[in-house]
Amino acid sequence: MNRLDASAIRRPLSDYTNNNLDALELFDEIASTNSYLLSQPAPAAGRCRVAIADHQTSGRGRHNRQWISHPGDALCLSQAYTFAKTPRDLSALTLALGVGVVGALQGLGVSGVRLKWPNDIVALDGKLGGILTEVQSGQGDGVTVVAGIGLNIYVRDSADFGAESDWAHGPVGLNSVTDEIPTVELLAGTVIENLCAILSGFEVSGLDAFREAWQRHDWLLGREVIVDTTDQQIRGMAAGIDVDGALLVDTPGGLTRVVSGSIVLADATGPLT
Ligand code: BTN
């Protein structure tokens, strides 16, 4: 028997989501749910396919980092979705999905969760989770994406997370944020429900529909940051996101757009990303 309970995961799902879910696959252990879905057939347009693992042995994060979690201590969920037509602002999809994850947590009574551009989920100034969005395939005008969500439920000993967890304040678990820790199944079902809504909304309106909400949860807003891009370092005040999801940084030379890079707080004692 599987350690994860499929019927409990499906319980929070609306009829719409249930009907659009081609597969819900559960694993006690797998290398990476993102890698798994990337190797599977893409769902049909407008439909989803979800893989969840109790434990990943080679969980992956942004910039080829490891995503480390321990059995039963984290949500490791990937959701594949096929857009019939490649949406505008596809590179900003991770931002919209972040809004969905915060919404899921709020729906479960977990408040105080913020977003750090572009893909981190933050609580108590530490890393609660992250999102890894990858393109699986494109056919004609369409595209299939795999969105991987990692959320720490229990962090018992942050030293245990190794060198890949390089936030100044270490990783944070929901166990430090709320007394009402949801089961992994309830968390998974609520996240799937929210991601489905975000994916279909993004298909229609791109980032427009989510930009304002993202800015409400922006952890960097008004903080002095150092941005490392491949060819330069930028220092200034984080000033929200542009219409296409680029990070805006207010520098002595004017407002600068950042489309990719690593961000650290200028006053941090250690690297934050
Ligand atoms: C990051 O913080 O850089 C992103 C972390 C994403 C981790 C999730 S866990 C489920 C899915 N499978 C993976 O291998 N990675 C994502």
# chains A, B, ... in the order shown; residues from 1 in each chain; ligands from 1
>>> residues_near_ligand(ligand="ligand 1", cutoff="10 Å", atoms="only C-alpha atoms and all ligand atoms", output="VMD selection string")
chain A and resid 30 to 37 51 to 53 55 to 69 74 to 79 118 to 121 127 to 134 146 to 152 164 to 165 273
>>> residues_around(residues="A:Thr86", least_positions_apart="2", cutoff="6 Å", atoms="only C-alpha atoms", output="ChimeraX atom specification")
/A:83,141-143
>>> write_last_selection(atoms="N, CA, C and O atoms", output="PDB file, in the first residue's frame")
ATOM      1  N   PHE A  83      -1.072  23.775 -22.496  1.00  0.00           N
ATOM      2  CA  PHE A  83      -1.746  24.966 -23.016  1.00  0.00           C
ATOM      3  C   PHE A  83      -2.005  24.727 -24.502  1.00  0.00           C
ATOM      4  O   PHE A  83      -1.070  24.404 -25.259  1.00  0.00           O
ATOM      5  N   ASP A 141       0.947  25.167 -31.922  1.00  0.00           N
ATOM      6  CA  ASP A 141       0.960  26.431 -31.174  1.00  0.00           C
ATOM      7  C   ASP A 141       1.024  26.190 -29.670  1.00  0.00           C
ATOM      8  O   ASP A 141       1.174  27.126 -28.894  1.00  0.00           O
ATOM      9  N   GLY A 142       0.845  24.939 -29.242  1.00  0.00           N
ATOM     10  CA  GLY A 142       0.688  24.664 -27.822  1.00  0.00           C
ATOM     11  C   GLY A 142       2.001  24.345 -27.123  1.00  0.00           C
ATOM     12  O   GLY A 142       3.051  24.238 -27.748  1.00  0.00           O
ATOM     13  N   VAL A 143       1.885  24.185 -25.814  1.00  0.00           N
ATOM     14  CA  VAL A 143       3.070  23.843 -25.023  1.00  0.00           C
ATOM     15  C   VAL A 143       2.619  23.129 -23.738  1.00  0.00           C
ATOM     16  O   VAL A 143       1.555  23.438 -23.200  1.00  0.00           O
TER      17      VAL A 143
END
>>> residues_around(residues="stretch 200-202 of chain A", least_positions_apart="3", cutoff="8 Å", atoms="only C-alpha atoms", output="list in words")
Gly46, Pro87, Leu93, Ala96, Cys196, Ala197, Ser205, Gly206, Leu207 and Ala209 of chain A
>>> residues_around(residues="A:Asp250", least_positions_apart="2", cutoff="6 Å", atoms="only C-alpha atoms", output="MDAnalysis selection string")
chainID A and resid 236:237 254:255
>>> residues_around(residues="A:Arg156", least_positions_apart="6", cutoff="9 Å", atoms="only C-alpha atoms", output="number ranges by chain")
A: 73, 173, 175
>>> write_last_selection(atoms="N, CA and C atoms", output="PDB file, in the first residue's frame")
ATOM      1  N   ASP A  73       8.146  14.441   5.237  1.00  0.00           N
ATOM      2  CA  ASP A  73       8.331  15.773   5.828  1.00  0.00           C
ATOM      3  C   ASP A  73       8.036  16.922   4.867  1.00  0.00           C
ATOM      4  N   GLY A 173       9.754  25.144   8.019  1.00  0.00           N
ATOM      5  CA  GLY A 173       8.666  24.189   7.779  1.00  0.00           C
ATOM      6  C   GLY A 173       7.342  24.778   8.243  1.00  0.00           C
ATOM      7  N   ASN A 175       5.568  23.523  10.215  1.00  0.00           N
ATOM      8  CA  ASN A 175       5.498  23.263  11.663  1.00  0.00           C
ATOM      9  C   ASN A 175       5.941  24.464  12.496  1.00  0.00           C
TER      10      ASN A 175
END
>>> select_by_dssp(residues="stretch 60-123 of chain A", states="alpha helix (DSSP H)", output="JSON, numbers by chain")
{"A": [93, 94, 95, 96, 97, 98, 99, 100, 101, 102, 103, 104, 105, 106, 107]}
>>> select_by_dssp(residues="stretch 42-256 of chain A", states="strand (DSSP E or B)", output="PyMOL selection string")
chain A and resi 45+48-56+60+66+74-83+114-116+120-123+126-137+143-152+171+218+224-228+233-241+247-251+254-256
>>> residues_around(residues="A:Ala238", least_positions_apart="2", cutoff="12 Å", atoms="only C-alpha atoms", output="PyMOL selection string")
chain A and resi 116-117+215+218-227+234-236+240-242+246-251+255-258+263-266
>>> residues_around(residues="A:Val102", least_positions_apart="3", cutoff="10 Å", atoms="only C-alpha atoms", output="list of chain:residue names")
A:Leu97, A:Gly98, A:Val99, A:Leu105, A:Gln106, A:Gly107, A:Leu108, A:Val110, A:Ser111, A:Gly112, A:Val113, A:Arg114, A:Leu115, A:Ile121, A:Val122, A:Val191, A:Asn194, A:Ala213, A:Trp214, A:His217
>>> write_last_selection(atoms="all heavy atoms", output="short mmCIF file (atom, residue, chain, number, x, y, z; two decimals), in the first residue's frame")
data_model
loop_
_atom_site.label_atom_id
_atom_site.label_comp_id
_atom_site.auth_asym_id
_atom_site.auth_seq_id
_atom_site.Cartn_x
_atom_site.Cartn_y
_atom_site.Cartn_z
N LEU A 97 1.91 30.83 -10.48
CA LEU A 97 1.76 29.60 -9.68
C LEU A 97 2.06 29.88 -8.21
O LEU A 97 1.44 29.31 -7.31
CB LEU A 97 2.68 28.50 -10.22
CG LEU A 97 2.33 28.01 -11.64
CD1 LEU A 97 3.42 27.08 -12.17
CD2 LEU A 97 0.97 27.32 -11.67
N GLY A 98 3.01 30.77 -7.98
CA GLY A 98 3.31 31.16 -6.59
C GLY A 98 2.08 31.75 -5.90
O GLY A 98 1.81 31.45 -4.73
N VAL A 99 1.33 32.55 -6.66
CA VAL A 99 0.09 33.11 -6.10
C VAL A 99 -0.87 31.98 -5.74
O VAL A 99 -1.54 32.01 -4.69
CB VAL A 99 -0.56 34.09 -7.12
CG1 VAL A 99 -1.94 34.53 -6.67
CG2 VAL A 99 0.35 35.30 -7.36
N LEU A 105 -2.33 27.84 0.76
CA LEU A 105 -1.93 27.87 2.17
C LEU A 105 -2.89 28.75 2.97
O LEU A 105 -3.30 28.40 4.08
CB LEU A 105 -0.48 28.35 2.31
CG LEU A 105 0.55 27.32 1.80
CD1 LEU A 105 1.92 27.95 1.65
CD2 LEU A 105 0.63 26.12 2.75
N GLN A 106 -3.28 29.89 2.39
CA GLN A 106 -4.24 30.76 3.09
C GLN A 106 -5.55 30.03 3.31
O GLN A 106 -6.16 30.11 4.38
CB GLN A 106 -4.49 32.03 2.27
CG GLN A 106 -3.36 33.05 2.40
CD GLN A 106 -3.56 34.26 1.50
OE1 GLN A 106 -4.28 34.20 0.50
NE2 GLN A 106 -2.91 35.37 1.84
N GLY A 107 -5.96 29.27 2.29
CA GLY A 107 -7.21 28.50 2.41
C GLY A 107 -7.14 27.47 3.53
O GLY A 107 -8.17 27.04 4.06
N LEU A 108 -5.93 27.08 3.88
CA LEU A 108 -5.75 26.10 4.97
C LEU A 108 -5.44 26.81 6.29
O LEU A 108 -5.02 26.18 7.25
CB LEU A 108 -4.62 25.13 4.60
CG LEU A 108 -4.92 24.23 3.41
CD1 LEU A 108 -3.66 23.50 2.95
CD2 LEU A 108 -6.02 23.23 3.76
N VAL A 110 -3.10 29.11 6.82
CA VAL A 110 -1.69 29.47 7.04
C VAL A 110 -1.47 30.87 6.48
O VAL A 110 -1.53 31.07 5.26
CB VAL A 110 -0.74 28.47 6.33
CG1 VAL A 110 0.71 28.85 6.60
CG2 VAL A 110 -1.03 27.05 6.77
N SER A 111 -1.22 31.82 7.35
CA SER A 111 -1.03 33.20 6.86
C SER A 111 0.44 33.57 6.95
O SER A 111 1.26 32.83 7.50
CB SER A 111 -1.91 34.16 7.67
OG SER A 111 -1.61 34.00 9.02
N GLY A 112 0.77 34.73 6.42
CA GLY A 112 2.14 35.24 6.52
C GLY A 112 3.09 34.64 5.51
O GLY A 112 4.30 34.77 5.64
N VAL A 113 2.57 33.97 4.49
CA VAL A 113 3.44 33.38 3.46
C VAL A 113 3.65 34.41 2.35
O VAL A 113 2.70 35.05 1.91
CB VAL A 113 2.84 32.07 2.91
CG1 VAL A 113 3.74 31.48 1.83
CG2 VAL A 113 2.66 31.07 4.05
N ARG A 114 4.88 34.59 1.92
CA ARG A 114 5.22 35.60 0.92
C ARG A 114 5.94 34.94 -0.26
O ARG A 114 6.27 33.75 -0.20
CB ARG A 114 6.16 36.65 1.55
CG ARG A 114 5.74 37.13 2.93
CD ARG A 114 4.62 38.12 2.89
NE ARG A 114 5.07 39.38 2.32
CZ ARG A 114 5.73 40.32 2.97
NH1 ARG A 114 6.03 40.14 4.26
NH2 ARG A 114 6.09 41.44 2.37
N LEU A 115 6.19 35.73 -1.28
CA LEU A 115 6.86 35.21 -2.47
C LEU A 115 8.12 36.01 -2.73
O LEU A 115 8.12 37.24 -2.64
CB LEU A 115 5.91 35.33 -3.68
CG LEU A 115 4.67 34.43 -3.57
CD1 LEU A 115 3.63 34.81 -4.63
CD2 LEU A 115 5.04 32.96 -3.69
N ILE A 121 9.06 30.43 -2.03
CA ILE A 121 7.93 30.63 -1.13
C ILE A 121 8.53 30.83 0.26
O ILE A 121 9.35 30.02 0.72
CB ILE A 121 6.99 29.41 -1.18
CG1 ILE A 121 6.45 29.28 -2.62
CG2 ILE A 121 5.83 29.55 -0.21
CD1 ILE A 121 6.03 27.90 -2.99
N VAL A 122 8.18 31.94 0.88
CA VAL A 122 8.89 32.41 2.06
C VAL A 122 7.95 32.49 3.26
O VAL A 122 6.81 32.92 3.13
CB VAL A 122 9.46 33.83 1.79
CG1 VAL A 122 10.24 34.35 2.98
CG2 VAL A 122 10.33 33.84 0.55
N VAL A 191 -3.44 22.38 -3.06
CA VAL A 191 -2.49 22.96 -4.03
C VAL A 191 -2.93 22.61 -5.46
O VAL A 191 -2.97 23.48 -6.34
CB VAL A 191 -1.05 22.48 -3.74
CG1 VAL A 191 -0.12 22.77 -4.91
CG2 VAL A 191 -0.51 23.16 -2.47
N ASN A 194 -5.83 24.76 -6.55
CA ASN A 194 -5.42 26.15 -6.84
C ASN A 194 -4.60 26.24 -8.12
O ASN A 194 -4.76 27.16 -8.91
CB ASN A 194 -4.66 26.74 -5.66
CG ASN A 194 -5.60 27.30 -4.61
OD1 ASN A 194 -5.82 28.48 -4.51
ND2 ASN A 194 -6.21 26.41 -3.85
N ALA A 213 -1.95 40.45 -7.31
CA ALA A 213 -1.87 39.53 -6.17
C ALA A 213 -0.41 39.20 -5.85
O ALA A 213 0.00 39.15 -4.69
CB ALA A 213 -2.65 38.25 -6.46
N TRP A 214 0.38 39.00 -6.90
CA TRP A 214 1.79 38.67 -6.66
C TRP A 214 2.45 39.81 -5.87
O TRP A 214 3.18 39.57 -4.90
CB TRP A 214 2.54 38.41 -7.99
CG TRP A 214 3.86 37.74 -7.73
CD1 TRP A 214 4.09 36.40 -7.73
CD2 TRP A 214 5.09 38.38 -7.38
NE1 TRP A 214 5.41 36.16 -7.40
CE2 TRP A 214 6.04 37.36 -7.18
CE3 TRP A 214 5.48 39.69 -7.21
CZ2 TRP A 214 7.37 37.62 -6.81
CZ3 TRP A 214 6.80 39.96 -6.84
CH2 TRP A 214 7.72 38.93 -6.66
N HIS A 217 2.10 39.93 -2.21
CA HIS A 217 2.85 38.94 -1.42
C HIS A 217 4.36 39.10 -1.58
O HIS A 217 5.12 38.24 -1.13
CB HIS A 217 2.46 37.53 -1.86
CG HIS A 217 0.99 37.25 -1.82
ND1 HIS A 217 0.23 37.45 -0.69
CD2 HIS A 217 0.14 36.77 -2.76
CE1 HIS A 217 -1.03 37.12 -0.96
NE2 HIS A 217 -1.09 36.71 -2.19
#
